[in-house]
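Here is the structure we will look at.
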Amino acid sequence: MASWWKYGVIVLLLIAAALVPQGLPTFWISIATEVLIYGLLAMSVNFLGGYGGLVSLGHAGLFGISAYTVGYLVTRMGVNHYVAFLAGVLLTLAVGAIFGGVAIRATGIYFLMITYAEGMVVWGLAYRWAKVTGAENGIRGITRPELFTKGWQYYYVVLVIFVLTIYLMWRVLNSSFGLTLRGIRECEPRMAALGYNVQVHKFLGYMWSAFFAGIAGGLYAYYNRFVSPSTVQLSVSSESVLMMVLGGVGTFFGPLLGSLIIIVGRNMISLYTARWPIIMGTIFVLTVLLAPKGIIGTLSAWWEQRKKVSAGVVEIVEASARKEVGAEGEVRVGTESQS
Amino acid sequence: MSPTFISMQVLNGITFASLLFLLASGFTFIFGLMRIMNLAHGGFYLLGGYIGITVLVATGNFWLAILSAALGVAIFGVLIERFLLRFVRGKVLPEVLLTVGLSFIIADGCLAIFGGNPRTLPPPKFLAGTVEIGPVTYPWFRLFVVLMAVLIAIALWLLQERTRLGAIVRAGVDDAEMVAALGINIKQIFTMVFFLGAALAGLSGVAGSAVLALYPGVDAEILTYGLVVVIIGGLGSLPGAIVGSLFVGLVDTFGKALFPEISYFTVFAPMAIMLAVRPRGLFGRE
C-alpha cells in the first residue's frame, strides 16, 4: 500500500518538472536547470556518504574535472560535443580512481580530510595551470550542441539525463552491491567477517559516485558555458554536503530537496545582499544542531512514530474490546511505542 | 640550481614550515584530545591575522598585536566550543559539519569587515631589516617566525610531558571517560585545549599575514597545507606536526619554485604515497 502513492508523487513531480519551461520566465528555467545539476552532484555525494558512510568534502574536484575537460575540448580543440561530454566523464573516472584509491585507505573523519585536500588539489590546478585552465580567467565561450542552444531546450536535456542517471543510481543502490555498501556503512567488521571485500566495495562505491559527479560536471559546463576556479572551489563541495544534510543523509531524494532550497535561496538572497556565505554557514550550523536528520529524515521519522502510535492506539482499542486493559488503562503497547 | 637559489629556497621552506607548524600544532592538539577535526581552523588563522593587523595599525605595538590576536581567537574558539560544539559532542560528522559552517561564517564575516584586498602585516622596526646568511640576504622577520615556532614547539613539548595539565591531557587522549571518573573536570580540560589550539591558530595568522598575504580564501588554502601536514605526520602527534611541517614546507617551496603551475600537486603526491604505505602517518597511533 505504501508504494503506489510514492510512485504517484514521482509521476506528479516528473510532470511538474516537464512543465517548468511552459509557465516560467527564463530566469526560473535557468534556476531549475541549476537545481537539477547541483542536485545530481549532491546525490552523488549522498550515494557515497549517505549509503556508504564515506562523506566527501572534495566532490567539487570531480565535478570540476569533467566541466574543465568539456570546456577545454570544446573551445580549444573543437571536439564534437558528445565526444567531449563522454571524455569529461571518462577523465573524471580516471582521476577518481586515483583519488578514490587514496581516500578509501582511510575511514570516517580521515576520509573527509583527504577528500578535502584532493578537492583543493584540483582547485590549485584550476587556479595555476594557466596553459590548460586559463587560471583566474577560466575557459569562456563553451557552445551548446546545435539543437539545444536555448535555455528551455537545454533544460530538457538536463532533465532527461538527470532522470536517467538517478534511475541508474536507484537501481545500483537497490542491487546487491548497493545493499553491501549499506552493510559496510552499518558495520564494517561484520561485512568483512562475512567475506565481503570491503575495500573493493568502497572503491567501486567511490567510482560510481565519481561517475555521477562527472555527469553533473559535464552538464554544468554546457549550462554555464564558462568554467573557472570558482566552479571547483571548496564552497561547491561544502554546499553539496549541505544539500545532502539539509535534505536528509541517506534519503534518496533528500539531496535534491536540499539543492532546491539552497539554489533558490541563494539566487533570491543574492538579489538583496552579498552575504550569502554567512547565511549558508548559518543554515549549516542550524541544520546540524536542530535537524541532524535533515528535512526528509525528520519527516519520515515523525511519520514512522505516528504510524507506531496509531498502531498502538489500535491495539489499545482492540485490547479494551477484549477487556484486557487494566483498571488505570495501563497497556504495555503504550510504553513500547515511546521507546 | 645555484647554491644561492638552493639556500634561499631552504630558508623560505623552513619559514613556511614554521608557519605551518604553528597552524598544524593547534589543529592536531585539539584533535588529539577531543577527536574534533576543526575545519574552522583556517578561519581562526584568518581572524588572527586580521586582528593582528588591525591592532598593529591602531596602536603601533607589535607585541600587543600578537597578544590580542592569540587571545581574541582563543576566546572566540572557547565560545564556539562552549555554545555550539558541546551540543554535538562525540558525534563525528555533525562536529565536522558544524566547523565547516563556521568556517564560511568567519571567512565571509572577515570579507564584510576587512574587504577583499590582500593585506600584509608590516614588520615592526626592530625586525624590519635583513641579515646576511652565507650567500643570501634574508629578512629578520622571517627568522623571527622560525624562532617563534621553535619556542612554541619546546613549550608545547614541556606542557605535554612535564606538567599536570599535560599528564591529564595525555590520559584524556587514551580514555577521557576514565579521566572524568577520577574526578577531573574533563569538560574544563576540553575548553582549555580548545583555548590553546585556537590561540595557536591566531598566532599563526599573525605570522602568516607578515610572511604571506592575508585575503579571503587563504583560510582554505592554508588549512589544506595544515591537513597534509597532519596526514603525513600523524593526527594528534606533536613530533608528527614538526616533521610534517618541515617536509611539507620544504617540498612545497621547492615545488613552487621549480614547477609553479602544479603547486599543491607536489605535496599531494607524498601524501598519497604516505596513505598507501602508512595510513596513520609517521607518528600517528592506531
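Please note that chains go A, B, ... in the order of the C-alpha cells, that every chain numbers its residues from 1, and that ligands are numbered from 1 in the order shown.
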
Would you return as a PyMOL selection string the members of range 105-317 of chain A that DSSP assigns to helix (DSSP H, G or I) on this structure's backbone?
chain A and resi 108-128+130-133+135-137+146-148+151-173+176-186+188-193+198-224+229-231+234-247+254-269+276-290+294-317

Define the interface residues of chain A facing chain B as those within 6 Å, counting only C-alpha atoms, and report them as an MDAnalysis selection string.
chainID A and resid 102 117 121 125 128:129 277:278 281 284:285 288

Only C-alpha atoms, please: the residues just picked out, written as a PDB file, in the first residue's frame.
```pdb
ATOM      1  CA  VAL A 102      43.988   7.066  -1.897  1.00  0.00           C
ATOM      2  CA  ALA A 117      42.757  18.014   0.295  1.00  0.00           C
ATOM      3  CA  VAL A 121      44.436  19.978  -5.396  1.00  0.00           C
ATOM      4  CA  LEU A 125      45.489  23.187 -10.693  1.00  0.00           C
ATOM      5  CA  ARG A 128      47.554  27.969 -11.504  1.00  0.00           C
ATOM      6  CA  TRP A 129      47.837  25.663 -14.517  1.00  0.00           C
ATOM      7  CA  PRO A 277      28.198  32.560   2.608  1.00  0.00           C
ATOM      8  CA  ILE A 278      27.261  33.793   6.100  1.00  0.00           C
ATOM      9  CA  GLY A 281      27.120  28.821   7.095  1.00  0.00           C
ATOM     10  CA  PHE A 284      24.772  24.585   8.090  1.00  0.00           C
ATOM     11  CA  VAL A 285      25.105  25.208  11.829  1.00  0.00           C
ATOM     12  CA  VAL A 288      23.449  20.245  12.374  1.00  0.00           C
TER      13      VAL A 288
END
```

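Distance check against Leu147 in chain B using only C-alpha atoms: of B:Ala69, B:Val218, B:Leu19, B:Met8, the minimum falls on B:Leu19.
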
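The neighbours of range 150-162 of chain A here are the residues that come within 8 Å of it, using only C-alpha atoms and leaving out any residue fewer than 4 positions away in the same chain; they are Ala17, Ala18, Pro21, Thr26, Ile29, Ser30, Ala32, Thr33, Leu36, Ile37, Leu40, Ile166, Leu219 and Tyr223 of chain A.
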
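The coordinates place CA of Ala213 in chain A at 28.1 Å from CA of Leu289 in chain A.
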
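Minimum distance to Ala94 in chain A across A:Gly119, A:Leu12, A:Ala193, A:Trp208 (counting only C-alpha atoms) occurs at A:Trp208.
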
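Proximity of B:Val206, B:Leu200, B:Leu20, B:Leu159 to Val55 in chain B, computed with only C-alpha atoms, is greatest for B:Val206.
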
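Going from CA of Leu214 in chain B to CA of Tyr50 in chain B covers 7.7 Å.
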